[in-house]
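Asker: Sharing target_39.cif here; it has mmCIF, C-alpha atoms.
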data_final
#
loop_
_atom_site.label_atom_id
_atom_site.label_comp_id
_atom_site.auth_asym_id
_atom_site.auth_seq_id
_atom_site.Cartn_x
_atom_site.Cartn_y
_atom_site.Cartn_z
CA MET A 19 94.53 -10.72 -23.57
CA ASP A 20 95.72 -7.17 -22.92
CA ASP A 21 99.19 -5.87 -23.87
CA TYR A 22 100.41 -6.07 -20.28
CA SER A 23 99.44 -9.76 -19.98
CA LYS A 24 101.14 -10.53 -23.30
CA ALA A 25 104.30 -8.81 -22.12
CA MET A 26 104.32 -10.81 -18.88
CA LEU A 27 103.82 -14.10 -20.74
CA GLY A 28 106.74 -13.17 -22.98
CA ASP A 29 109.02 -12.64 -19.98
CA TYR A 30 108.15 -16.02 -18.46
CA ALA A 31 108.41 -17.81 -21.81
CA GLU A 32 111.79 -16.36 -22.69
CA THR A 33 113.22 -17.24 -19.28
CA LEU A 34 112.25 -20.90 -19.64
CA VAL A 35 113.56 -21.08 -23.21
CA ASP A 36 116.85 -19.42 -22.29
CA GLN A 37 117.52 -21.82 -19.42
CA LEU A 38 116.54 -25.00 -21.27
CA GLY A 39 118.25 -23.83 -24.45
CA ALA A 40 121.54 -23.29 -22.63
CA TYR A 41 121.28 -26.72 -20.98
CA PHE A 42 120.38 -28.33 -24.30
CA GLN A 43 123.40 -26.81 -26.05
CA GLY A 44 125.66 -28.27 -23.40
CA HIS A 45 124.31 -31.81 -23.62
CA LEU A 46 123.87 -32.46 -27.33
CA ALA A 47 126.03 -32.23 -30.44
CA LEU A 48 123.82 -30.36 -32.88
CA SER A 49 123.33 -32.66 -35.86
CA ALA A 50 120.52 -34.47 -37.64
CA ASP A 51 121.76 -37.78 -36.17
CA LEU A 52 119.92 -37.58 -32.86
CA PRO A 53 119.12 -40.14 -30.17
CA GLU A 54 115.47 -40.76 -29.27
CA THR A 55 116.07 -39.61 -25.70
CA ILE A 56 119.04 -38.04 -23.96
CA ARG A 57 119.41 -39.90 -20.69
CA LEU A 58 120.92 -38.04 -17.76
CA ASP A 59 122.90 -39.84 -15.08
CA GLU A 60 121.81 -37.49 -12.30
CA TYR A 61 118.70 -35.55 -11.44
CA PRO A 62 119.29 -32.00 -12.82
CA ALA A 63 118.43 -30.28 -9.54
CA GLU A 64 120.28 -27.04 -10.30
CA LEU A 65 118.53 -26.58 -13.65
CA ILE A 66 115.09 -27.32 -12.17
CA ALA A 67 115.71 -24.83 -9.37
CA THR A 68 116.76 -22.17 -11.88
CA VAL A 69 113.73 -22.73 -14.12
CA LEU A 70 111.21 -22.79 -11.25
CA ASP A 71 112.74 -19.97 -9.21
CA ASN A 72 109.97 -17.67 -7.95
CA ASP A 73 111.59 -14.59 -9.47
CA VAL A 74 111.40 -15.96 -13.02
CA ALA A 75 108.72 -18.66 -13.10
CA HIS A 76 105.14 -18.24 -14.27
CA PRO A 77 102.82 -18.76 -11.26
CA LEU A 78 100.86 -21.64 -12.86
CA LEU A 79 101.58 -25.27 -13.70
CA ALA A 80 99.52 -28.35 -14.57
CA MET A 81 99.24 -31.00 -11.88
CA SER A 82 97.81 -34.50 -12.23
CA HIS A 83 96.85 -37.04 -9.60
CA ILE A 84 95.06 -40.37 -9.82
CA ASP A 85 91.29 -40.09 -9.39
CA GLY A 86 88.89 -42.59 -7.82
CA LYS A 87 88.50 -44.46 -11.12
CA GLY A 88 92.24 -44.77 -11.68
CA TYR A 89 92.52 -42.03 -14.31
CA PRO A 90 95.00 -39.13 -14.29
CA PHE A 91 93.06 -36.00 -13.29
CA ILE A 92 94.67 -32.75 -14.43
CA THR A 93 94.22 -29.31 -12.88
CA ILE A 94 95.96 -25.96 -13.35
CA MET A 95 97.41 -24.79 -10.05
CA GLY A 96 99.34 -21.84 -8.67
CA PHE A 97 102.67 -22.84 -7.19
CA SER A 98 105.56 -21.57 -5.11
CA PHE A 99 109.10 -22.95 -5.09
CA ILE A 100 110.38 -23.30 -1.52
CA ASP A 101 113.54 -25.11 -0.36
CA GLY A 102 113.92 -26.76 -3.75
CA LYS A 103 110.40 -28.19 -3.83
CA ILE A 104 107.13 -27.29 -5.55
CA HIS A 105 104.46 -26.15 -3.07
CA ILE A 106 100.79 -25.87 -4.08
CA THR A 107 98.12 -24.48 -1.79
CA SER A 108 94.71 -26.14 -1.90
CA ARG A 109 91.40 -26.10 -0.09
CA LYS A 110 91.61 -28.45 2.88
CA ASN A 111 88.52 -30.36 1.72
CA GLY A 112 89.62 -30.51 -1.95
CA LEU A 113 89.14 -33.98 -3.40
CA LYS A 114 92.72 -34.03 -4.69
CA ILE A 115 93.92 -33.96 -1.07
CA LYS A 116 92.03 -37.15 -0.30
CA ARG A 117 93.26 -38.79 -3.51
CA LEU A 118 96.88 -37.85 -2.90
CA GLN A 119 96.70 -39.24 0.62
CA GLU A 120 95.44 -42.51 -0.87
CA ASN A 121 98.00 -42.50 -3.71
CA PRO A 122 100.76 -39.87 -3.57
CA LYS A 123 101.94 -40.43 -7.16
CA CYS A 124 101.53 -37.31 -9.28
CA THR A 125 103.05 -35.33 -12.13
CA MET A 126 103.59 -31.59 -12.49
CA VAL A 127 104.17 -29.88 -15.84
CA TYR A 128 105.61 -26.40 -16.27
CA HIS A 129 105.68 -25.03 -19.82
CA ASN A 130 105.38 -21.80 -21.75
CA ASN A 131 102.56 -22.40 -24.28
CA ILE A 132 104.62 -21.24 -27.25
CA PRO A 133 103.51 -22.83 -30.57
CA ARG A 134 106.81 -22.37 -32.44
CA PRO A 135 109.33 -25.22 -32.00
CA GLU A 136 112.25 -22.82 -31.57
CA GLY A 137 110.46 -21.23 -28.62
CA LEU A 138 109.03 -24.25 -26.83
CA GLY A 139 110.06 -25.12 -23.31
CA CYS A 140 108.52 -27.76 -21.03
CA VAL A 141 109.53 -29.54 -17.82
CA THR A 142 107.61 -32.55 -16.47
CA LEU A 143 108.29 -33.80 -12.96
CA ALA A 144 106.94 -37.15 -11.80
CA GLY A 145 107.04 -38.08 -8.16
CA LYS A 146 105.20 -38.39 -4.88
CA ALA A 147 103.44 -35.67 -2.94
CA SER A 148 102.94 -35.08 0.76
CA ILE A 149 100.28 -32.95 2.47
CA SER A 150 101.36 -30.31 4.98
CA HIS A 151 99.20 -28.42 7.50
CA ASP A 152 102.11 -26.26 8.72
CA PRO A 153 100.55 -22.77 9.10
CA GLU A 154 103.83 -20.89 8.66
CA ARG A 155 104.73 -22.75 5.47
CA ILE A 156 101.20 -22.24 4.14
CA ARG A 157 101.47 -18.52 4.87
CA LEU A 158 104.84 -18.36 3.09
CA ALA A 159 103.53 -20.21 0.04
CA ASN A 160 100.49 -17.90 -0.13
CA GLU A 161 102.69 -14.81 0.02
CA ILE A 162 105.17 -16.05 -2.59
CA LEU A 163 102.41 -17.03 -5.01
CA SER A 164 100.67 -13.69 -4.55
CA ARG A 165 103.92 -11.84 -5.23
CA LYS A 166 104.38 -13.89 -8.40
CA VAL A 167 100.89 -12.96 -9.59
CA TYR A 168 101.05 -9.26 -8.61
CA ARG A 169 104.71 -8.28 -8.84
CA ASP A 170 106.43 -5.19 -7.55
CA GLY A 171 105.79 -2.40 -10.00
CA ASP A 172 102.76 -4.01 -11.67
CA PRO A 173 99.95 -1.55 -12.41
CA ASP A 174 97.60 -3.72 -10.31
CA GLU A 175 100.09 -4.40 -7.50
CA ASP A 176 97.53 -3.19 -4.95
CA ARG A 177 95.57 -6.42 -5.54
CA ARG A 178 98.34 -8.49 -3.96
CA GLN A 179 97.44 -8.01 -0.29
CA PRO A 180 93.73 -8.81 -0.82
CA MET A 181 94.83 -12.01 -2.56
CA ILE A 182 97.07 -12.94 0.39
CA ASP A 183 94.28 -12.18 2.87
CA SER A 184 91.76 -14.21 0.92
CA MET A 185 94.08 -17.21 0.66
CA GLN A 186 94.90 -17.06 4.37
CA GLU A 187 91.21 -16.99 5.27
CA ALA A 188 90.47 -20.00 3.06
CA ASP A 189 91.98 -22.50 5.54
CA ARG A 190 94.27 -24.13 3.01
CA VAL A 191 96.74 -27.00 3.11
CA LEU A 192 99.89 -27.59 1.08
CA VAL A 193 100.61 -30.18 -1.57
CA ILE A 194 104.41 -30.59 -1.65
CA LEU A 195 106.23 -32.53 -4.36
CA ASP A 196 108.46 -34.22 -1.82
CA GLU A 197 110.01 -36.98 -3.92
CA ILE A 198 111.12 -36.80 -7.57
CA ASP A 199 111.13 -40.11 -9.47
CA ALA A 200 111.58 -38.77 -13.00
CA VAL A 201 112.06 -35.57 -14.98
CA TYR A 202 111.46 -34.97 -18.69
CA MET A 203 112.45 -31.79 -20.52
CA VAL A 204 111.32 -30.66 -23.96
CA THR A 205 113.86 -28.10 -25.12
CA PRO A 206 113.75 -25.55 -27.95
CA MET A 207 114.51 -27.03 -31.37
CA ALA A 208 118.19 -26.78 -32.25
CA PRO A 209 118.58 -23.92 -34.75
CA ASN A 210 120.48 -25.86 -37.41
CA LEU A 211 118.22 -28.92 -37.54
CA PRO A 212 116.17 -29.36 -40.72
CA SER A 213 112.40 -29.03 -40.49
CA GLY A 214 110.67 -32.18 -39.30
CA VAL A 215 113.61 -33.46 -37.22
CA PRO A 216 112.40 -33.32 -33.60
CA THR A 217 114.64 -32.37 -30.73
CA PRO A 218 114.81 -35.39 -28.42
CA PRO A 219 113.57 -35.04 -24.85
CA ILE A 220 116.15 -34.94 -22.08
CA ALA A 221 115.17 -37.34 -19.31
CA TRP A 222 116.22 -38.69 -15.95
CA ARG A 223 114.56 -41.50 -14.04
CA ALA A 224 115.47 -42.84 -10.63
CA ASP A 225 115.00 -46.46 -11.71
CA TRP A 226 117.56 -46.26 -14.54
CA LYS A 227 120.34 -46.91 -12.04
CA GLN A 228 118.59 -49.72 -10.22
#
Starting from the file, give its structure as C-alpha cells.

Answerer:
Amino acid sequence: MDDYSKAMLGDYAETLVDQLGAYFQGHLALSADLPETIRLDEYPAELIATVLDNDVAHPLLAMSHIDGKGYPFITIMGFSFIDGKIHITSRKNGLKIKRLQENPKCTMVYHNNIPRPEGLGCVTLAGKASISHDPERIRLANEILSRKVYRDGDPDEDRRQPMIDSMQEADRVLVILDEIDAVYMVTPMAPNLPSGVPTPPIAWRADWKQ
C-alpha cells in the first residue's frame, strides 16, 4: 500500500473511532465492572448518520445476504449514504439481486480494520433491503460513490469521471437498506480498563420492545 493510501485509511479510521468513542463515553461509566451488552432504548439514527456520512466514511463495507443454500454470503461493496439509508449499486443480473428479492434480510458491516483495541471501530446493521431501478437515484449513488473514491484534491482525481461513466454504462440497480431491525457497535476500548477486559458492544434491536 502506498503512503497516500495509508494516509486515506488513517483519516477514515480516525473518524469512525472519534465518533464511536464519543458515543461510548456518554453511555458507559468507565470501570472494570461492565455489562455484557449495553442495550439502547432507541435506534441511534443520528450516530449512524454521522458515522456513515459520505464526507467522512470509507467507500466500502461488507454486505451479507442469504444464498440459495441458506448460508450468509458476504461481499465487499461500495456504498453511498442517501436520505439516511445505505445505497449499494449492483449489476442488474447480479445473483445477490435475485436472492434479496427472495429474502430481503441482510447485514451490512462498516469498520476500520485497525488491529489495536484502542483504535477499533465497527458498526453492524441488520435489516431488510429493497431493490430500486430509479435511474436518477442510481445516477446519484454512482456519483457520490465515485466522489468518495476519488476526492477533490486527490492526485488521481481525474479518474473520477471515467468511474462515473463506467458505472452509468453498466446498467446497474440499487440495493437499499430500507428497514433496520438491529444495530451493533464495537467501540474503542476504554482507556482505563485493564488488559483483557473487553469493551461491551452497544446494541439496539427492534424486538426488544415487543

Asker: Kindly indicate which residue among A:Glu136, A:Asp196, A:Asp183, A:Asp225 lies nearest to A:Leu58, using all atoms listed in the file for the distances.

Answerer: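 Using all atoms listed in the file, A:Leu58 sits closest to A:Asp225.
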
Asker: Can you list, as a list in words, the residues that the PyMOL selection byres ((chain A and resi 188) around 12) selects here?

Answerer: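 Written out, the selection comes to Thr107, Ser108, Arg109, Lys110, Asn111, Gly112, Ile156, Arg157, Asn160, Met181, Ile182, Asp183, Ser184, Met185, Gln186, Glu187, Asp189, Arg190 and Val191 of chain A.
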
Asker: With only C-alpha atoms as the counted atoms, please give the residues lying no more than 7 Å from A:Cys140, apart from itself and same-chain residues fewer than 5 positions off, as a list in words.

Answerer: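 Listed by chain and then number, they are Tyr128, His129, Asn130, Met203, Val204 and Thr205 of chain A.
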
Asker: Translate the PyMOL selection byres ((chain A and resi 105) around 9) into a concrete residue list for this structure, as a list of chain:residue names.

Answerer: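 When the PyMOL selection byres ((chain A and resi 105) around 9) is applied to the shown file, the picked residues are A:Gly96, A:Phe97, A:Ser98, A:Phe99, A:Ile100, A:Lys103, A:Ile104, A:Ile106, A:Thr107, A:Ile156, A:Ala159, A:Leu192, A:Val193, A:Ile194, A:Leu195.
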
Asker: Rounded to one decimal in Å, what is the spacing between atom CA of A:Ala200 and atom CA of A:Lys166?

Answerer: 26.3 Å

Asker: For a test of reading the model, state the distance in Å between atom CA of A:Phe91 and atom CA of A:Thr125, rounded to one decimal.

Answerer: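 Distance between the two atoms: 10.1 Å.
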
Asker: List, as an MDAnalysis selection string, every residue that the PyMOL selection byres ((chain A and resi 82) around 7) selects in the file provided.

Answerer: chainID A and resid 80:81 83:84 90:93 124:126
